[in-house]
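Accompanying notes for the structure given below.
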Amino acid sequence: MQKLGLNEIREKYLSFFESKGHLRLPSFSLVPENDKSLLLINAGMAPLKPYFKGELEPPRKRVTTCQKCIRTPDFERVGKTARHGTYFEMLGNFSFGDYFKHEATAWAWEFVTKVLELPEDKLWITIYEDDNEAGDIWVNEVGVSKDRIVRMGKEDNFWEIGTGPCGPCSELYFDRGPEHGCGRPDCRVGCECDRYVEFWNLVFTQFDKDEAGNYNRLAHPNIDTGMGLERIACIMQGVNNLFEVDTVRNIMHKISEITGAKYGDNEKNDVSLRVITDHIRSTTFMIGDGVQISNEGRGYVLRRLIRHAARHGKLLGINEPFLYKVCDTVIEENKNAYPELVEKKAYIKKIIELEEIRFNETINDGLTILEGYIADLQKNDEVQLSGEKAFKLYDTFGFPLDLTLEILEERSMNVNVEEYEECMKAQREKARSGRGETDDAAWEKDEFKKKLTDMDKPEFVGYTTLKAFARVMAIGFDGEFHNMATSDNGSAVIILDKTPFYGEGGGQVGDKGIIKSQGATLKVNDTKKIGGNQIMHICSVESGVISVGDAVECEVCSKRRSAIAANHSATHLLQKALKIVLGDHVQQAGSYVDDERLRFDFSHFEALTKEQLSEVERIVNNEIYNALTVDCSEMPIDEARALGAMALFGEKYGDVVRVVKMGDFSVELCGGTHVSNTSNIGIMKIVSETSAAAGIRRIEAITGLNVLAAYNEKEAVINTAASMLKTNPAEVITKLASLQAEIKSMQKEIDKMKSELASGDADDIKKNAVEINGVTVLTGALAGVDVNTVRKMNDSFKDEYKNVVCVMATEFGGKVMLITAADKTAVSNGIHCGSLVKAIASHIGGSGGGKPESAQAGGSDASGIKAALDAAVEIIKEQTK
């Protein structure tokens with residue numbers, strides 16, 4: 001038995017099964033394709049379910065993979081033990097109705113004993129207690145001693161989830177020796193101690209369980225195996241846990257180098273080092289696979305992992321972004337198996353760094369509030385924070401519940417989670433209130449939708465023509481099918497056997513137009529796809545009666561379609577231009593195209609500069625001017641990929657795809673409608689660039705005649721401004737600059753007058769200064785003084801006095817404000833401006849808060865100013881006791 005690195009083991013495994021006729025597939029993305037049952041891929045076989053279920057034809061009957069996986073159920077245990085982690089890799093060999101138990105067992109034994117050279121006297125086999133077939137194969141064919149085979153029950157060695165395919169398992173165990181055991185005389189395979197480690201599970205999928213609980217033999221049984229790469233690496237390297245495996249250990253070394261914390265010095269630091277090591281592996285791969293940070297779904301999992309790791313960095317004394325630096329080591333350790341990480345390195349690092357920065361802002365504000373809550377709980381001898389307050393931390397300050405729970409747990413406190421969930425539920429219901437069911441949603445009632453999707457798919461001819469003759473196959477309204485429809489029926493869904501109308505999809509809106517029969521005229525208000533294959537024409541009957549079976553003439557609104565096509569083609573040019581200017585990390589994250597504008601969302605970590613936007617716009621318009629031929633054709637997906645066609649992340653494509661090629665500039669997989677030549681776009685103008693989400697930017701643009709309309713609108717604004725300024729359009733800027741200089745001069749005069757007035761107020765305030773427990777207290781009620789002037793006054797008091805707290809009230813612009821400030825000495829003596837202003841704000845009918853050294857509150861009741869200032873003095877007495 002030789003010591004092998006993790007990367008060596010992966011390659012040996014995949015090469016071995018290639019030699020047995022298996023197709024080596026790259027790891028699938030961590031983001032599941034068309035599988036709503038999973039947020040993230042959590043097992044080696046998860047991406048292969050369509051092959052096992054017969055929904056898709058596998059590329060070969062024998063397949064082998066090393067699959068990236070994320071599991072979060074044990075999130076709270078990560079770091080607290082050395083066993084738990086969220087990221088791991090799963091080696092697997094699979095048979096889709098090809099080989100079965102004979103080959104699976106023989107090859108497993110050959111690999112572990114001949115390739116890995118594990119000692120046979122250290123290996124144990126478990127089988128399902130009733131699987132005599134597997135027992136016979138292991139003993140009589142593979143040659144394993146009968147006394148090294150253990151039969152186990154259904155709970156341990158039978159794989160099934162409800163009804164459907166299932167079967168017995170056979171597992172391989174490695175005996176690490178009695179020194180790792182529990183010492184009990186009955187310690188054996190299956191014991192919970194660390195002596196016997198299960199490292200490979202062979203699942204023999206040979207049954208189909210029906211609703212009655214019967215196990216029916218499958219005509220073509222399958223093989224599904226899984227071996228944890230980190231787990232077998234532990235065995236091969238003779239280490240105790242995944243954090244000691246070579247590649248993972250190197251990542252931890254980098255974290256130690258940054259933090260100064262050495263693994264093994266103390267358990268508290270070890271927990272933080274394990275958390276950071278695990279989470280940075282997960283986040284690097286998740287971002288590399290296109291997961292975007294958000295507040296829901298897998299995006300929330302990503303955000304939670306980054307923020308949890310960042311907080312443990314703070315516990316190790318790191319108060320600035322550092323996780324992004326560790327990415328270099330994660331990528332270096334995995335670059336050979338996952339070269340895409342190298343390509344996306346800059347993007348991955350920037351996304352993590354930006355989230356660390358956001359977290360630092362969140363945690364600083366949230367911690368101040370939470371510490372106040374904790375102080376109140378301690379004062380009242382309570383241990384449970386109300387769910388309402390925990391929700392306020394989340395809703396107002398973005399402070400996640402899990403972080404609140406973690407911090408409170410360190411103080412032996414907790415949260416009323418049930419009450420928190422009620423607050424969250426109330427917020428969701430409030431957000432949903434007032435939303436009526438839209439026309440298209442009404443058609444998606446389950447029964448009606450099922451009937452529609454079961455119908456034959458119509459022939460779509462809209463790529464080549466905007467007119468077509470067709471026949472009405474179905475009519476629906478009010479969620480039911482009908483034989484006919486009239487103008488009295490309102491909105492109706494018409495299903496045709498052939499259509500030139502494009503159904504909304506791929507970010508492109510549906511077509512509008514007219515459908516005519518001999519006895520009726522229908523206005524097509526929208527066209528939508530349903531169930532992935534059916535095209536619904538959402539119509540209003542303008543006149544007559546339309547019936548099932550009628551022959552009809554269809555005509556798409558050509559002017560609208562042309563404008564949509566121009567905008568859609570422009571998005572293709574835009575995406576390529578963005579890649580040229582910003583880098584290959586740019587990936588489409590969403591789009592919307594109609595006849596008036598285009599919107600394009602893409603992965604990028606910061607706002608584009610004016611220069612970058614200008615360059616992107618220049619490149620796009622240059623390719624429009626170059627009059628590139630737009631060629632749309634269908635071809636096998638492998639051929640499309642060989643052309644370098646860009647695909648939409650997370651989209652599932654069939655064996656044959658539609659490729660849209662614009663000269664030699666852009667090649668994309670796309671099912672939308674396009675211009676025949678880029679010159680038909682006319683011109684493109686970017687109108688805005690904003691943030692759509694964390695790590696996602698959004699560009700909105702217009703093309704063609706819409707650019708002319710926007711130009712005319714802006715020209716009208718300039719002409720109006722010139723008229724109001726009593727000048728001509730060419731002199732508007734000069735005139736504005738002159739006015740600004742005049743206003744600035746006047747403002748200086750106003751500020752001077754304010755300062756003189758405030759100086760008089762300041763003298764009166766200083767005359768009334770009092771000393772409380774050694775702290776100088778200055779209070780004052782001001783009228784007509786703005787907040788900035790009050791702040792400057794407080795700053796001058798802090799410069800003049802030592803150990804001082806200032807509490808000022810001002811009525812300005814119809815608002816009442818309380819502004820407080822204290823120097824460091826006063827704060828060290830107990831002054832907390834945030835708590836102070838929060839307590840007195842009720843007197844002016846308002847609320848507020850802030851930091852120990854400065855805070856403010858706003859209200860509307862000026863009659864309460866005196867009471868507020870009097871109350872402040874009393875609170876200062878309490879704070880400085």
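Naming works like this for the structure tokens: A, B, ... for the chains as they're shown, residue 1 at the start of each chain, ligands 1 onward in shown order.
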
Legend entry - Gln534 of chain A surroundings by only C-alpha atoms, 12 Å radius, close-in-sequence under 4 positions cut, as a PyMOL selection string: chain A and resi 449-460+473-474+493-499+501-505+527-530

Inset, instruction - Run DSSP on the backbone and grab whatever in segment 499-632 of chain A lands in strand (DSSP E); send it over as a ChimeraX atom specification. - result: /A:499,513-516,520-530,534-544,546-547,551-556,588-593,598-603,630-632

Limited to C-alpha atoms, could you put the picked residues into a file as a PDB file, in the first residue's frame?
ATOM      1  CA  THR A 499     -48.093  28.557 -36.263  1.00  0.00           C
ATOM      2  CA  GLY A 513     -50.975  39.575 -34.573  1.00  0.00           C
ATOM      3  CA  ILE A 514     -54.216  38.391 -36.161  1.00  0.00           C
ATOM      4  CA  ILE A 515     -55.910  35.005 -36.672  1.00  0.00           C
ATOM      5  CA  LYS A 516     -58.799  34.888 -39.161  1.00  0.00           C
ATOM      6  CA  ALA A 520     -64.246  35.089 -37.093  1.00  0.00           C
ATOM      7  CA  THR A 521     -61.424  37.546 -36.500  1.00  0.00           C
ATOM      8  CA  LEU A 522     -59.165  37.124 -33.458  1.00  0.00           C
ATOM      9  CA  LYS A 523     -56.583  39.492 -32.074  1.00  0.00           C
ATOM     10  CA  VAL A 524     -53.522  37.638 -30.751  1.00  0.00           C
ATOM     11  CA  ASN A 525     -52.543  39.586 -27.627  1.00  0.00           C
ATOM     12  CA  ASP A 526     -49.705  37.277 -26.579  1.00  0.00           C
ATOM     13  CA  THR A 527     -48.121  33.946 -27.420  1.00  0.00           C
ATOM     14  CA  LYS A 528     -46.685  31.673 -24.752  1.00  0.00           C
ATOM     15  CA  LYS A 529     -45.063  28.279 -24.438  1.00  0.00           C
ATOM     16  CA  ILE A 530     -46.397  25.842 -21.888  1.00  0.00           C
ATOM     17  CA  GLN A 534     -47.088  23.570 -26.562  1.00  0.00           C
ATOM     18  CA  ILE A 535     -47.709  27.055 -27.994  1.00  0.00           C
ATOM     19  CA  MET A 536     -50.694  28.982 -26.636  1.00  0.00           C
ATOM     20  CA  HIS A 537     -52.164  31.892 -28.596  1.00  0.00           C
ATOM     21  CA  ILE A 538     -53.876  34.131 -26.044  1.00  0.00           C
ATOM     22  CA  CYS A 539     -56.556  35.873 -28.031  1.00  0.00           C
ATOM     23  CA  SER A 540     -59.595  38.078 -27.858  1.00  0.00           C
ATOM     24  CA  VAL A 541     -62.387  37.308 -30.344  1.00  0.00           C
ATOM     25  CA  GLU A 542     -62.989  40.597 -32.158  1.00  0.00           C
ATOM     26  CA  SER A 543     -65.941  39.322 -34.200  1.00  0.00           C
ATOM     27  CA  GLY A 544     -67.779  36.121 -35.109  1.00  0.00           C
ATOM     28  CA  ILE A 546     -64.243  30.506 -33.762  1.00  0.00           C
ATOM     29  CA  SER A 547     -64.636  26.719 -33.498  1.00  0.00           C
ATOM     30  CA  ALA A 551     -59.223  26.536 -40.983  1.00  0.00           C
ATOM     31  CA  VAL A 552     -57.526  29.815 -40.160  1.00  0.00           C
ATOM     32  CA  GLU A 553     -55.034  32.279 -41.605  1.00  0.00           C
ATOM     33  CA  CYS A 554     -52.375  33.555 -39.195  1.00  0.00           C
ATOM     34  CA  GLU A 555     -50.392  36.760 -39.540  1.00  0.00           C
ATOM     35  CA  VAL A 556     -47.746  38.025 -37.129  1.00  0.00           C
ATOM     36  CA  GLN A 588     -25.404  35.595 -19.421  1.00  0.00           C
ATOM     37  CA  ALA A 589     -27.532  35.594 -16.260  1.00  0.00           C
ATOM     38  CA  GLY A 590     -30.834  36.556 -17.854  1.00  0.00           C
ATOM     39  CA  SER A 591     -32.327  38.677 -20.599  1.00  0.00           C
ATOM     40  CA  TYR A 592     -35.514  40.347 -21.748  1.00  0.00           C
ATOM     41  CA  VAL A 593     -36.222  41.392 -25.320  1.00  0.00           C
ATOM     42  CA  LEU A 598     -33.394  44.933 -24.615  1.00  0.00           C
ATOM     43  CA  ARG A 599     -32.192  44.047 -21.142  1.00  0.00           C
ATOM     44  CA  PHE A 600     -29.129  41.889 -20.592  1.00  0.00           C
ATOM     45  CA  ASP A 601     -27.986  40.553 -17.207  1.00  0.00           C
ATOM     46  CA  PHE A 602     -24.457  39.226 -16.922  1.00  0.00           C
ATOM     47  CA  SER A 603     -21.948  38.073 -14.336  1.00  0.00           C
ATOM     48  CA  VAL A 630     -26.720  36.215 -39.592  1.00  0.00           C
ATOM     49  CA  ASP A 631     -26.904  32.480 -40.215  1.00  0.00           C
ATOM     50  CA  CYS A 632     -29.355  30.348 -38.188  1.00  0.00           C
TER      51      CYS A 632
END

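Put simply, atom CA of Phe481 of chain A is 26.1 Å away from atom CA of Lys467 of chain A.
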
Inset, instruction - May I have the residues within 12 Å of Ser614 of chain A as a list in words, using only C-alpha atoms and disregarding those fewer than 2 positions away in the same chain? - result: Ala577, Leu578, Val581, Leu608, Thr609, Lys610, Glu611, Gln612, Val616, Glu617, Arg618, Ile619, Val620, Asn621, Met684, Lys685, Ile686, Val687, Ser688 and Glu689 of chain A

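Distance-wise, atom CA of Thr163 of chain A and atom CA of Gly213 of chain A end up 7.8 Å apart.
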
Inset, instruction - For each of A:Val675, A:Ile637, A:Ala104, A:Ala709, take the minimum atom-to-atom distance to Thr464 of chain A, counting only C-alpha atoms, then give the residue where this is smallest. - result: A:Val675

Inset, instruction - Tell me which protein, DNA and RNA residues are within 9 Å of segment 373-387 of chain A, counting only C-alpha atoms, leaving out same-chain ones fewer than 3 positions away, and put them as an MDAnalysis selection string. - result: chainID A and resid 368:370 390:392 408 411:423
